Every structure is written in C-alpha cells, then in structure tokens.
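Enquirer: Can you read through this structure? Questions will come right after.
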Amino acid sequence: MPIPSALPRRQFLAGALIAAPALLTAGRSLAAADPFALGVASGEPLPDGFVLWTRIAPDPLAEDGLGGNASPVPVRWEVALDENFRRIAAHGEAMALPDRASAVHVEVSGLAPDRPYWYRFTALGVQSPVGRAWTAPAPGARVERLRMTAASCSHWELGYFAAYRHMAADEESRLTLFLGDYIYEDGPRTPPRPGAVRSYAMPEPTTLAQYRRRYALHRTDPDLRALHAATACVATWDDHEVQNDYSGIWPEDANVSPADFVKRRAAAYRAFCENMPVRISQVMRADGSFRLNRRFGWGSLAQFDVLDGRQFRSPPACIEGLASHRGHMASTACADLEDPSRTYLGFDQERWLYDGFARSKARWNLLVQNLLVAPLEIKTPSDTLIWTDTWNGFGAARRRLIDAMAETRLSNPVTLAGDYHSAWLNDLRRDFHKPQEAPVAAEIVVTSITSNGPPAGAMKAALPDNPHIRFFDAAHRGYTAIDLTPERLDVRCMAIADRADPRTTVSVLHQRQVEAGKPGFA
Ligand code: FE
Ligand code: CA
C-alpha cells in the first residue's frame, strides 16, 4: 500500500497569496483578509471520490453569520495526484452563495480507489491551503489495514484543540470520525467557567446566524483546520450541536414547546450541514427535512453505519413530575426504560440499520454514533440508578439493537460513542446480567478533546457491578486511534498532558485488541 510523503505543514496552515485584490466594503479594506480563513475540509470518502468543502469568509465572525461575504463568488477547485499539483485528476468551478453563508460543497467523482489526493480552491485571486483526502478502496477489495482516529466534545472555552493537532499529525490515518459535540451551544459565563482558557464571547445560539458564527469560531482554531486539511472526515451530531440533552422534538426546558424548539433545531442542523463536508443534498433535503444516517464501506474490511442518535428519539425517559427534561439519574424500575414503544433511532432508522446488518459482507461493522450503549448501573443502598440521556434511557431499543446484531450474525460489530468525556472499552451482551455469556459486540467510547470529565468517584465505585466495562478513565482529554486489519482491531486511547497548553504532548493511555471472530475485548 503506498504511503503518501508527508505534506509540508506550512501548506496546511497558510494559503498562498497569489494576488490580493483591493476590495473596499463599507470603507473598510479587505485587501489583507483571507477568504479562506476557515480553511478547507474533505469528507464522505467513496471509492471514486469525496466531498470537498470550503467557505468564503474574509470576516469569519461577522455578526450576521455570513462571514463578511454577501455576494456570489465563483470558486475554482482542483484535485491532484501529487501535492505539487503537477498531475491534475479533476477540476471545476462552484459558486459560493450567500444563502449557504458562502459555503461550498463539491462532490468529486471519477477518482481512483484507495489512494491519496491533494486538493485546493482559488477564489478572489487567492489560493486556499492544500488539503489531502484518501478515497475508499473498491467494494469487496481486500484491504490489509485501515487506521482512523475518532473525536468528540470540543468545548472552546475549556481548552485548546491540541488533541486535534495530534490527530492531524498521524500520517497513517485515512479517516477522521467526529462523534458529536463538535461545537457547544454554551454562552460565556460571568465569572468565567473554572479552567476557561478563552471565551465564546457570543451568546448561546438560537438562530441560523448565531449557529453559523459558532462553527466559524471553532474553525478559527488552527489545530482543527489542520486536522480537516490532513484527512477526510465523517461526522455525526450529538446534543450540543443544538441544545444540551434534547431528545427528538423535545427540548431540555419543559416550558418550551416542541413546535418552537423544532425551528431552533432546524437552524442548528442547517448550520451543521453548511459547515461540515457532508453530501449536503442528501443530508439537507429539499422538503426542509434532515437525514444524517448513512452507510459507507472500506473494501471488504469494514462497513460503517453512521447514525443519527438525536433527531428521532422518543421523549426523555422518566421525566414525570420534573420541570427540566435534561438527563438525570433515574431508577432502573422506571417503566419507560423497558417500554418497547420508545425508540432511540426512530423506527425507520432502526429498520434501515438492521437491513444493513443483514446485507453486510464486511469483516468489521462499525457504528459511528453519539452515545454510550453499555449499561452503567449505579447501586445505592435503596435503588439502582442509570443516566437517562444515553442508551441507558432506552433499554428496550438497546435490546433490539444488540439482538439485531446477534440475529443477523453481524460480523465483528463495534460501536463507537463520544459524549461522556471519558474513555471506555466495553463488551456488549444480549443480557448484561450474564457476564459469563459471550459478548456480541465491542464498544469504544472516546474521551473529550477538551470538555470536563465526569465526576469519576461514583462511576469507579460502580465498576465491580458493571463487569462488561473493561476499561474506564475519566481523568484525561484526548482522542482514540483505531487500527483495523482482517485479523484484529487495535484501539489506543490517546491522552494529552494538559488541555490548557496549546503545545501539549500526547501519549498512549491504554491499548487493547479485539480479535476477529471473538467479539468483545481480549
Ligand atoms: Fe460533550
Ligand atoms: Ca453530548
């Protein structure tokens, strides 16, 4: 397998200025403003192409969310076989339109499978930074190895995005998975949050303009831009792309009507689509609906089912008598948990997923999704408690998921999750109270890029009662690296030393394997 030579870092980080047109807008010179200040990205790799993304945003944080550009701009794009753009494989022109906040999504096709490409844009006389993306191997092709990295939960205020920089520096990685909480909708606090290294300096978003600014703010971080330029990504959303702990059409605040919340949710979903390198016409439908769940393959090695774990959920579990609908600790005796009419994915998405299980021919089957699947049962002197916002609040739906894996004899299922700001490696069983039974699947929960870890004391004390949890760490921020071969999955939980230091180092906190044919961690 060819390994690309290292891309010079400065090419990632700085756009080459060909010529700076002297634009004058409202008396302010934009001559020095970089239209590609928010960088470039690629995503959704297929055997013959991927999506290229950029946004014309010379004033990224403009109040109106439009990035300082209010008119259509032609954007030229080029894809090359080499990092010096001597051999062009594809090129074309797209329009950056104010209606999409000048975001550009190009669906490139006609490329060769399983190799690196380099891409760049040119607009307003300026050339963008160079990005790199791998195409997926051909369907059914034998693949010896795939490395990918996975991340979640990057709170802007609580640290620098050094973990993203270390992900970008992994030259072997072919794919980045974002598992949710790519942004947070939090407003700034007075006094600032303990440990804050920078401020959101903008209110909690509720409108399209505000969500657009929020994505722009995150992309002003050079480490995040470097990661997007280094590899193609596949992203799903969790709650904070919209609002903490919302569930379907039900907001966190019980006093806000679902009808009002759905308008806010649509603005947030739209900003996500505009700012991520997704196949936008498939995700953002002409009828105003959104469909994020999708499936892609990596030769015969892997099938990826990317799930939407928020949009179609039932109401939050066990909320009777509560003024707030946020996640909470509820008794396992609460009837909602085993109610088969409650759904986590929505019944249409469930059917789509299980049909995909039945048809999969891949060696490994990965679920790219947002929340913890495994139970975490915390025993108190009088009761047993679970956290309702995860799959723990949807016990019947979780049973259907794991039963479907077992009944379709899905080959080597592995679920990925973020959200919990802690690293976990779990075995998933049909009956979690029978630890002697063979696992059906392995679960990898990725720690946060920066967000605060959960209070670990009660969780650690509960580990003996939850023997399916094979590894747990809440003390470290970082990401997860996964190497797949036909024989095994190798997972490394990566930890940064100090989220407050943008130059912090990274190390392997824990490493573990799953052997093909033996679901669960070795
Ligand atoms: Fe989070
Ligand atoms: Ca979350």
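Each chain in the structure tokens gets a letter, A, B, ..., in the order shown, and its residues are numbered from 1; ligands are numbered from 1 in order too.
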Name all residues at most 9 Å from A:Gln243 (count only C-alpha atoms; drop same-chain ones fewer than 5 positions away) and give them as a list in words.

Expert: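 Residues meeting the cut-off are Tyr184, Glu185, Asp186, Thr206, Pro251, Glu252, Arg265 and Ala268 of chain A.
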
Enquirer: Near stretch 38-52 of chain A, counting only C-alpha atoms, which residues have an atom at most 8 Å away, once you skip same-chain residues fewer than 4 positions from it, shown as a PyMOL selection string?

Expert: chain A and resi 57+60+104-114+120+128-139+216+219-220+225+228-229+231-234+276-279+296-297

Enquirer: From the list A:Leu217, A:Arg295, A:Arg430, A:Glu83, which residue is nearest A:Leu61 when using only C-alpha atoms?

Expert: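 Closest to A:Leu61, using only C-alpha atoms: A:Leu217.
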
Enquirer: Neighbours of ligand 2 at 7 Å or closer, counting only C-alpha atoms and all ligand atoms: which residues, as a ChimeraX atom specification?

Expert: /A:180-181,238-240,244-245,419-420

Enquirer: Around ligand 1, at most 12 Å away and counting only C-alpha atoms and all ligand atoms, which residues are there? Put them as a ChimeraX atom specification, please.

Expert: /A:151-156,158,178-186,237-245,370-372,389-390,417-422,445-454,477

Enquirer: Could you write out the selected residues, including N, CA and C atoms, as a short mmCIF file (atom, residue, chain, number, x, y, z; two decimals), in the first residue's frame?

Expert:
data_model
loop_
_atom_site.label_atom_id
_atom_site.label_comp_id
_atom_site.auth_asym_id
_atom_site.auth_seq_id
_atom_site.Cartn_x
_atom_site.Cartn_y
_atom_site.Cartn_z
N ALA A 151 -13.01 11.40 17.53
CA ALA A 151 -13.02 12.50 18.50
C ALA A 151 -14.44 12.91 18.84
N SER A 152 -14.58 13.53 20.01
CA SER A 152 -15.86 14.16 20.36
C SER A 152 -15.62 15.24 21.40
N CYS A 153 -16.59 16.12 21.54
CA CYS A 153 -16.67 17.03 22.68
C CYS A 153 -15.52 18.02 22.78
N SER A 154 -15.56 19.01 21.88
CA SER A 154 -14.53 20.05 21.89
C SER A 154 -15.16 21.35 22.37
N HIS A 155 -15.08 21.57 23.66
CA HIS A 155 -15.58 22.81 24.25
C HIS A 155 -14.53 23.90 24.05
N TRP A 156 -14.93 24.97 23.39
CA TRP A 156 -13.99 26.05 23.02
C TRP A 156 -13.32 26.67 24.24
N LEU A 158 -12.84 25.52 27.34
CA LEU A 158 -12.20 24.69 28.37
C LEU A 158 -10.84 24.14 27.97
N PHE A 178 -15.94 12.17 13.65
CA PHE A 178 -16.43 13.09 14.68
C PHE A 178 -17.74 12.52 15.22
N LEU A 179 -17.76 12.25 16.52
CA LEU A 179 -18.87 11.51 17.11
C LEU A 179 -19.88 12.41 17.83
N GLY A 180 -19.72 13.74 17.68
CA GLY A 180 -20.71 14.65 18.24
C GLY A 180 -20.11 15.64 19.23
N ASP A 181 -20.90 16.67 19.54
CA ASP A 181 -20.43 17.81 20.33
C ASP A 181 -19.18 18.41 19.68
N TYR A 182 -19.26 18.55 18.36
CA TYR A 182 -18.20 19.22 17.58
C TYR A 182 -18.16 20.70 17.96
N ILE A 183 -19.34 21.25 18.23
CA ILE A 183 -19.44 22.58 18.85
C ILE A 183 -20.23 22.41 20.15
N TYR A 184 -20.20 23.45 20.97
CA TYR A 184 -21.12 23.55 22.12
C TYR A 184 -21.91 24.82 21.96
N GLU A 185 -23.18 24.76 22.37
CA GLU A 185 -24.04 25.92 22.25
C GLU A 185 -23.96 26.82 23.48
N ASP A 186 -23.07 26.51 24.41
CA ASP A 186 -22.95 27.30 25.64
C ASP A 186 -22.67 28.78 25.35
N TRP A 237 -23.82 14.10 14.64
CA TRP A 237 -24.03 15.11 15.67
C TRP A 237 -24.52 14.47 16.96
N ASP A 238 -24.31 15.21 18.06
CA ASP A 238 -24.92 14.84 19.33
C ASP A 238 -25.81 16.01 19.77
N ASP A 239 -25.97 16.20 21.07
CA ASP A 239 -26.91 17.24 21.52
C ASP A 239 -26.39 18.66 21.36
N HIS A 240 -25.09 18.89 21.69
CA HIS A 240 -24.63 20.28 21.77
C HIS A 240 -24.52 20.99 20.42
N GLU A 241 -24.67 20.27 19.33
CA GLU A 241 -24.79 20.95 18.05
C GLU A 241 -26.11 21.73 18.00
N VAL A 242 -27.03 21.42 18.93
CA VAL A 242 -28.32 22.10 19.00
C VAL A 242 -28.54 22.66 20.41
N GLN A 243 -28.78 21.75 21.36
CA GLN A 243 -29.05 22.13 22.75
C GLN A 243 -28.78 20.93 23.65
N ASN A 244 -28.25 21.22 24.84
CA ASN A 244 -27.92 20.18 25.81
C ASN A 244 -29.09 19.20 26.01
N ASP A 245 -28.80 17.92 25.85
CA ASP A 245 -29.71 16.83 26.25
C ASP A 245 -31.08 16.83 25.58
N ASN A 370 -23.33 8.56 18.65
CA ASN A 370 -23.03 9.58 19.64
C ASN A 370 -22.90 9.09 21.09
N LEU A 371 -23.75 8.15 21.54
CA LEU A 371 -23.85 7.95 22.98
C LEU A 371 -23.54 6.53 23.45
N LEU A 372 -23.16 6.45 24.71
CA LEU A 372 -22.85 5.19 25.39
C LEU A 372 -23.98 4.18 25.22
N ASP A 389 -29.91 10.08 29.62
CA ASP A 389 -29.72 10.67 28.29
C ASP A 389 -29.05 9.73 27.29
N THR A 390 -28.35 8.69 27.78
CA THR A 390 -27.67 7.76 26.88
C THR A 390 -28.62 6.63 26.48
N ALA A 417 -18.71 5.69 20.39
CA ALA A 417 -19.51 6.74 21.01
C ALA A 417 -18.60 7.81 21.58
N GLY A 418 -19.17 8.98 21.81
CA GLY A 418 -18.46 10.07 22.50
C GLY A 418 -19.27 10.47 23.71
N ASP A 419 -19.43 11.78 23.91
CA ASP A 419 -20.38 12.38 24.84
C ASP A 419 -20.00 12.31 26.31
N TYR A 420 -19.37 11.22 26.77
CA TYR A 420 -19.21 11.01 28.21
C TYR A 420 -17.93 11.63 28.77
N HIS A 421 -17.12 12.24 27.90
CA HIS A 421 -15.91 12.94 28.34
C HIS A 421 -15.00 12.00 29.12
N SER A 422 -14.95 10.77 28.69
CA SER A 422 -14.15 9.75 29.36
C SER A 422 -13.96 8.59 28.39
N VAL A 445 -15.73 3.99 23.67
CA VAL A 445 -16.20 5.34 23.99
C VAL A 445 -14.97 6.25 24.04
N VAL A 446 -15.05 7.33 23.28
CA VAL A 446 -13.92 8.23 23.06
C VAL A 446 -13.97 9.37 24.07
N THR A 447 -12.85 9.72 24.66
CA THR A 447 -12.85 10.83 25.62
C THR A 447 -12.99 12.16 24.88
N SER A 448 -13.07 13.25 25.63
CA SER A 448 -13.30 14.57 25.05
C SER A 448 -11.99 15.19 24.57
N ILE A 449 -12.12 16.05 23.56
CA ILE A 449 -10.99 16.88 23.13
C ILE A 449 -10.62 17.85 24.25
N THR A 450 -11.63 18.50 24.86
CA THR A 450 -11.36 19.46 25.94
C THR A 450 -12.37 19.40 27.09
N SER A 451 -13.59 18.93 26.84
CA SER A 451 -14.66 19.09 27.83
C SER A 451 -14.35 18.38 29.14
N ASN A 452 -14.89 18.94 30.24
CA ASN A 452 -14.64 18.41 31.58
C ASN A 452 -15.05 16.95 31.72
N GLY A 453 -14.20 16.15 32.33
CA GLY A 453 -14.56 14.77 32.62
C GLY A 453 -15.66 14.71 33.66
N PRO A 454 -16.41 13.60 33.69
CA PRO A 454 -17.48 13.45 34.67
C PRO A 454 -16.89 13.17 36.06
N ARG A 477 -8.09 14.03 28.74
CA ARG A 477 -8.65 14.51 27.48
C ARG A 477 -7.79 13.95 26.34
#

Enquirer: Pick the closest to A:Arg512 from A:Thr408, A:Gln127, A:Asn466, A:Asn426: which is it, counting only C-alpha atoms?

Expert: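 So, comparing all the options, the nearest one is A:Asn426.
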
Enquirer: Return the single residue from A:His218, A:Phe432, A:Arg165, A:Arg313 that is closest to A:Val506, with distances computed using only C-alpha atoms.

Expert: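 That would be A:Arg165, the residue with the smallest distance to A:Val506.
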
Enquirer: Give me, please, the distance in Å between atom CA of A:Arg198 and atom CA of A:Pro222, quoted to one decimal.

Expert: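 Going from atom CA of A:Arg198 over to atom CA of A:Pro222, I get 14.5 Å.
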
Enquirer: Quick one: DSSP alpha helix (DSSP H) residues in stretch 341-386 of chain A, as JSON, numbers by chain?

Expert: {"A": [347, 348, 349, 350, 351, 352, 353, 354, 355, 356, 357, 358, 359]}

Enquirer: Filtering to C-alpha atoms, could you give me those residues as a PDB file, in the first residue's frame?

Expert:
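The new file out.pdb reads:
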ATOM      1  CA  PHE A 347     -38.268   3.086  13.872  1.00  0.00           C
ATOM      2  CA  ASP A 348     -37.440   3.982  10.243  1.00  0.00           C
ATOM      3  CA  GLN A 349     -33.746   4.327  11.062  1.00  0.00           C
ATOM      4  CA  GLU A 350     -33.838   1.115  13.100  1.00  0.00           C
ATOM      5  CA  ARG A 351     -35.242  -0.774  10.103  1.00  0.00           C
ATOM      6  CA  TRP A 352     -32.641   0.771   7.787  1.00  0.00           C
ATOM      7  CA  LEU A 353     -29.882  -0.233  10.218  1.00  0.00           C
ATOM      8  CA  TYR A 354     -30.973  -3.823  10.726  1.00  0.00           C
ATOM      9  CA  ASP A 355     -31.497  -4.280   6.952  1.00  0.00           C
ATOM     10  CA  GLY A 356     -27.919  -3.102   6.542  1.00  0.00           C
ATOM     11  CA  PHE A 357     -26.751  -5.611   9.162  1.00  0.00           C
ATOM     12  CA  ALA A 358     -28.458  -8.411   7.256  1.00  0.00           C
ATOM     13  CA  ARG A 359     -26.816  -7.427   3.969  1.00  0.00           C
TER      14      ARG A 359
END

Enquirer: Would you tabulate, counting only C-alpha atoms, all residues of stretch 256-347 of chain A that have an atom at most 10 Å from an atom of stretch 484-505 of chain A, showing the closest pair of atoms and their distance in Å to one decimal, sorted by chain then ascending number, as CSV?

Expert:
residue,atom,partner,partner_atom,distance
A:Ser300,CA,A:Pro486,CA,8.8
A:Leu301,CA,A:Pro486,CA,6.3
A:Ala302,CA,A:Leu484,CA,8.4

Enquirer: Keeping only all heavy atoms, write the selected residues to a file as a short mmCIF file (atom, residue, chain, number, x, y, z; two decimals), in the first residue's frame.

Expert:
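Saved as part_2.cif:
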data_model
loop_
_atom_site.label_atom_id
_atom_site.label_comp_id
_atom_site.auth_asym_id
_atom_site.auth_seq_id
_atom_site.Cartn_x
_atom_site.Cartn_y
_atom_site.Cartn_z
N SER A 300 -13.47 -4.82 1.59
CA SER A 300 -14.09 -5.93 2.33
C SER A 300 -13.84 -5.81 3.83
O SER A 300 -14.34 -6.61 4.61
CB SER A 300 -13.55 -7.27 1.83
OG SER A 300 -12.15 -7.34 2.09
N LEU A 301 -13.04 -4.80 4.22
CA LEU A 301 -12.60 -4.73 5.61
C LEU A 301 -13.68 -4.20 6.55
O LEU A 301 -13.85 -4.73 7.65
CB LEU A 301 -11.35 -3.83 5.70
CG LEU A 301 -10.67 -3.73 7.06
CD1 LEU A 301 -10.11 -5.09 7.49
CD2 LEU A 301 -9.55 -2.68 7.03
N ALA A 302 -14.39 -3.17 6.14
CA ALA A 302 -15.29 -2.52 7.09
C ALA A 302 -16.52 -1.94 6.42
O ALA A 302 -16.46 -1.44 5.29
CB ALA A 302 -14.57 -1.41 7.85
#

Enquirer: Using only C-alpha atoms, determine which residues lie at most 9 Å from A:Ala397, disregarding the query and same-chain residues fewer than 4 positions distant; provide the list as a PyMOL selection string.

Expert: chain A and resi 337-345+350+391+401-402

Enquirer: Include C-alpha atoms and write out the residues we just selected as an mmCIF file, in the first residue's frame.

Expert:
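Output contents, as saved in selection_7.cif:
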data_model
loop_
_atom_site.group_PDB
_atom_site.id
_atom_site.type_symbol
_atom_site.label_atom_id
_atom_site.label_comp_id
_atom_site.auth_asym_id
_atom_site.auth_seq_id
_atom_site.Cartn_x
_atom_site.Cartn_y
_atom_site.Cartn_z
ATOM 1 C CA LEU A 337 -36.751 2.058 30.215
ATOM 2 C CA GLU A 338 -38.277 -1.212 29.048
ATOM 3 C CA ASP A 339 -41.178 0.302 27.084
ATOM 4 C CA PRO A 340 -40.912 -1.188 23.564
ATOM 5 C CA SER A 341 -42.795 1.760 22.031
ATOM 6 C CA ARG A 342 -39.879 4.047 22.913
ATOM 7 C CA THR A 343 -37.136 4.418 20.313
ATOM 8 C CA TYR A 344 -33.633 5.861 20.233
ATOM 9 C CA LEU A 345 -33.040 5.915 16.461
ATOM 10 C CA GLU A 350 -33.838 1.115 13.100
ATOM 11 C CA TRP A 391 -28.891 4.392 25.506
ATOM 12 C CA LEU A 401 -30.043 -3.181 18.565
ATOM 13 C CA ILE A 402 -27.947 -5.900 20.174
#

Enquirer: Find the spatial neighbours of stretch 322-333 of chain A, counting only C-alpha atoms, within a cut-off of 12 Å - ignore same-chain residues fewer than 4 positions away - and output them as a PyMOL selection string.

Expert: chain A and resi 239+243-256+315-318+337-339+375-380+382-395

Enquirer: Got a sec: who's within 12 Å of A:Thr190, counting only C-alpha atoms, leaving out chain neighbours fewer than 2 positions off, as a list of chain:residue names?

Expert: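 The residues that qualify are A:Gly187, A:Pro188, A:Pro192, A:Arg193, A:Pro194, A:Ala196, A:Ser199, A:Tyr200, A:Ala201.
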
Enquirer: State, in Å with one decimal place, the distance from atom CA of A:Glu443 to atom CA of A:Ala423.

Expert: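 Value for the atom CA of A:Glu443-atom CA of A:Ala423 distance: 10.6 Å.
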
Enquirer: Considering only C-alpha atoms, tabulate each residue of stretch 141-252 of chain A that lies at most 12 Å from stretch 87-101 of chain A along with its nearest interatomic pair and the corresponding distance in Å to one decimal; arrange the rows by chain and ascending residue number and present them as JSON lines.

Expert:
{"residue": "A:Leu208", "atom": "CA", "partner": "A:Ala101", "partner_atom": "CA", "distance": 9.9}
{"residue": "A:Ala209", "atom": "CA", "partner": "A:Ala101", "partner_atom": "CA", "distance": 8.9}
{"residue": "A:Gln210", "atom": "CA", "partner": "A:Ala101", "partner_atom": "CA", "distance": 11.8}
{"residue": "A:Tyr211", "atom": "CA", "partner": "A:Ala101", "partner_atom": "CA", "distance": 11.3}
{"residue": "A:Arg212", "atom": "CA", "partner": "A:Ala101", "partner_atom": "CA", "distance": 7.9}
{"residue": "A:Arg213", "atom": "CA", "partner": "A:Ala101", "partner_atom": "CA", "distance": 10.1}
{"residue": "A:Tyr215", "atom": "CA", "partner": "A:Ala101", "partner_atom": "CA", "distance": 11.5}
{"residue": "A:Ala216", "atom": "CA", "partner": "A:Ala101", "partner_atom": "CA", "distance": 10.6}

Enquirer: I need the strand (DSSP E) residues of stretch 367-445 of chain A per DSSP on the backbone, written as a ChimeraX atom specification.

Expert: /A:367-368,378-379,384-387,413-417,423-428,441-445

Enquirer: Quick one: write out the picked residues with N, CA and C atoms as a PDB file, in the first residue's frame?

Expert:
ATOM      1  N   LEU A 367     -20.401   1.069  14.107  1.00  0.00           N
ATOM      2  CA  LEU A 367     -21.473   2.044  14.282  1.00  0.00           C
ATOM      3  C   LEU A 367     -20.857   3.358  14.719  1.00  0.00           C
ATOM      4  N   VAL A 368     -20.973   4.363  13.849  1.00  0.00           N
ATOM      5  CA  VAL A 368     -20.445   5.697  14.143  1.00  0.00           C
ATOM      6  C   VAL A 368     -21.600   6.480  14.735  1.00  0.00           C
ATOM      7  N   ILE A 378     -25.597   2.165  38.726  1.00  0.00           N
ATOM      8  CA  ILE A 378     -25.017   2.622  39.987  1.00  0.00           C
ATOM      9  C   ILE A 378     -25.951   2.231  41.125  1.00  0.00           C
ATOM     10  N   LYS A 379     -25.453   1.371  41.994  1.00  0.00           N
ATOM     11  CA  LYS A 379     -26.286   0.875  43.097  1.00  0.00           C
ATOM     12  C   LYS A 379     -26.152   1.812  44.299  1.00  0.00           C
ATOM     13  N   THR A 384     -31.204   1.140  42.217  1.00  0.00           N
ATOM     14  CA  THR A 384     -30.180   1.061  41.172  1.00  0.00           C
ATOM     15  C   THR A 384     -30.494   2.149  40.158  1.00  0.00           C
ATOM     16  N   LEU A 385     -29.489   2.983  39.812  1.00  0.00           N
ATOM     17  CA  LEU A 385     -29.716   4.181  39.002  1.00  0.00           C
ATOM     18  C   LEU A 385     -28.947   4.115  37.684  1.00  0.00           C
ATOM     19  N   ILE A 386     -29.541   4.749  36.657  1.00  0.00           N
ATOM     20  CA  ILE A 386     -28.852   4.919  35.371  1.00  0.00           C
ATOM     21  C   ILE A 386     -29.006   6.374  34.932  1.00  0.00           C
ATOM     22  N   TRP A 387     -28.159   6.818  33.982  1.00  0.00           N
ATOM     23  CA  TRP A 387     -28.235   8.176  33.407  1.00  0.00           C
ATOM     24  C   TRP A 387     -29.125   8.110  32.181  1.00  0.00           C
ATOM     25  N   PRO A 413     -19.170  -6.766  15.159  1.00  0.00           N
ATOM     26  CA  PRO A 413     -19.720  -5.424  15.374  1.00  0.00           C
ATOM     27  C   PRO A 413     -18.929  -4.650  16.430  1.00  0.00           C
ATOM     28  N   VAL A 414     -18.741  -3.364  16.150  1.00  0.00           N
ATOM     29  CA  VAL A 414     -18.064  -2.469  17.091  1.00  0.00           C
ATOM     30  C   VAL A 414     -18.829  -1.157  17.088  1.00  0.00           C
ATOM     31  N   THR A 415     -19.256  -0.707  18.253  1.00  0.00           N
ATOM     32  CA  THR A 415     -19.932   0.586  18.319  1.00  0.00           C
ATOM     33  C   THR A 415     -18.973   1.631  18.873  1.00  0.00           C
ATOM     34  N   LEU A 416     -19.044   2.832  18.288  1.00  0.00           N
ATOM     35  CA  LEU A 416     -18.249   3.968  18.759  1.00  0.00           C
ATOM     36  C   LEU A 416     -19.190   4.984  19.380  1.00  0.00           C
ATOM     37  N   ALA A 417     -18.714   5.689  20.393  1.00  0.00           N
ATOM     38  CA  ALA A 417     -19.510   6.740  21.008  1.00  0.00           C
ATOM     39  C   ALA A 417     -18.596   7.808  21.582  1.00  0.00           C
ATOM     40  N   ALA A 423     -12.910   7.822  28.587  1.00  0.00           N
ATOM     41  CA  ALA A 423     -12.593   6.714  27.689  1.00  0.00           C
ATOM     42  C   ALA A 423     -13.075   5.409  28.307  1.00  0.00           C
ATOM     43  N   TRP A 424     -13.798   4.619  27.516  1.00  0.00           N
ATOM     44  CA  TRP A 424     -14.321   3.336  27.978  1.00  0.00           C
ATOM     45  C   TRP A 424     -14.074   2.286  26.906  1.00  0.00           C
ATOM     46  N   LEU A 425     -13.847   1.059  27.324  1.00  0.00           N
ATOM     47  CA  LEU A 425     -13.865  -0.089  26.425  1.00  0.00           C
ATOM     48  C   LEU A 425     -14.805  -1.104  27.069  1.00  0.00           C
ATOM     49  N   ASN A 426     -15.891  -1.434  26.361  1.00  0.00           N
ATOM     50  CA  ASN A 426     -16.948  -2.260  26.947  1.00  0.00           C
ATOM     51  C   ASN A 426     -17.246  -3.471  26.074  1.00  0.00           C
ATOM     52  N   ASP A 427     -17.665  -4.538  26.692  1.00  0.00           N
ATOM     53  CA  ASP A 427     -18.233  -5.672  25.975  1.00  0.00           C
ATOM     54  C   ASP A 427     -19.760  -5.529  25.990  1.00  0.00           C
ATOM     55  N   LEU A 428     -20.378  -5.740  24.830  1.00  0.00           N
ATOM     56  CA  LEU A 428     -21.844  -5.650  24.752  1.00  0.00           C
ATOM     57  C   LEU A 428     -22.435  -7.050  24.643  1.00  0.00           C
ATOM     58  N   ALA A 441     -20.710  -7.755  20.782  1.00  0.00           N
ATOM     59  CA  ALA A 441     -20.022  -6.628  20.146  1.00  0.00           C
ATOM     60  C   ALA A 441     -19.063  -5.995  21.149  1.00  0.00           C
ATOM     61  N   ALA A 442     -18.177  -5.162  20.620  1.00  0.00           N
ATOM     62  CA  ALA A 442     -17.299  -4.347  21.455  1.00  0.00           C
ATOM     63  C   ALA A 442     -17.732  -2.894  21.325  1.00  0.00           C
ATOM     64  N   GLU A 443     -17.567  -2.144  22.404  1.00  0.00           N
ATOM     65  CA  GLU A 443     -17.897  -0.717  22.380  1.00  0.00           C
ATOM     66  C   GLU A 443     -16.672   0.114  22.757  1.00  0.00           C
ATOM     67  N   ILE A 444     -16.428   1.158  21.963  1.00  0.00           N
ATOM     68  CA  ILE A 444     -15.318   2.093  22.217  1.00  0.00           C
ATOM     69  C   ILE A 444     -15.920   3.465  22.475  1.00  0.00           C
ATOM     70  N   VAL A 445     -15.730   3.989  23.674  1.00  0.00           N
ATOM     71  CA  VAL A 445     -16.197   5.341  23.992  1.00  0.00           C
ATOM     72  C   VAL A 445     -14.972   6.249  24.044  1.00  0.00           C
TER      73      VAL A 445
END

Enquirer: Which residue gives the smallest distance to A:Ala230 among A:Leu81, A:Ala362, A:Ala162, A:Ala168, with only C-alpha atoms counted?

Expert: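 Nearest to A:Ala230: A:Ala168.
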
Enquirer: Rounded to one decimal in Å, what is the spacing between atom CA of A:Val440 and atom CA of A:Pro519?

Expert: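 Atom CA of A:Val440 sits 5.6 Å away from atom CA of A:Pro519.
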
Enquirer: Name all residues at most 10 Å from A:Lys460 (count only C-alpha atoms; drop same-chain ones fewer than 5 positions away) and give them as a list in words.

Expert: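 Skipping anything fewer than 5 positions along the chain leaves Ile378, Pro455, Asp465, Asn466, Phe472, Asp473 and Ala474 of chain A.
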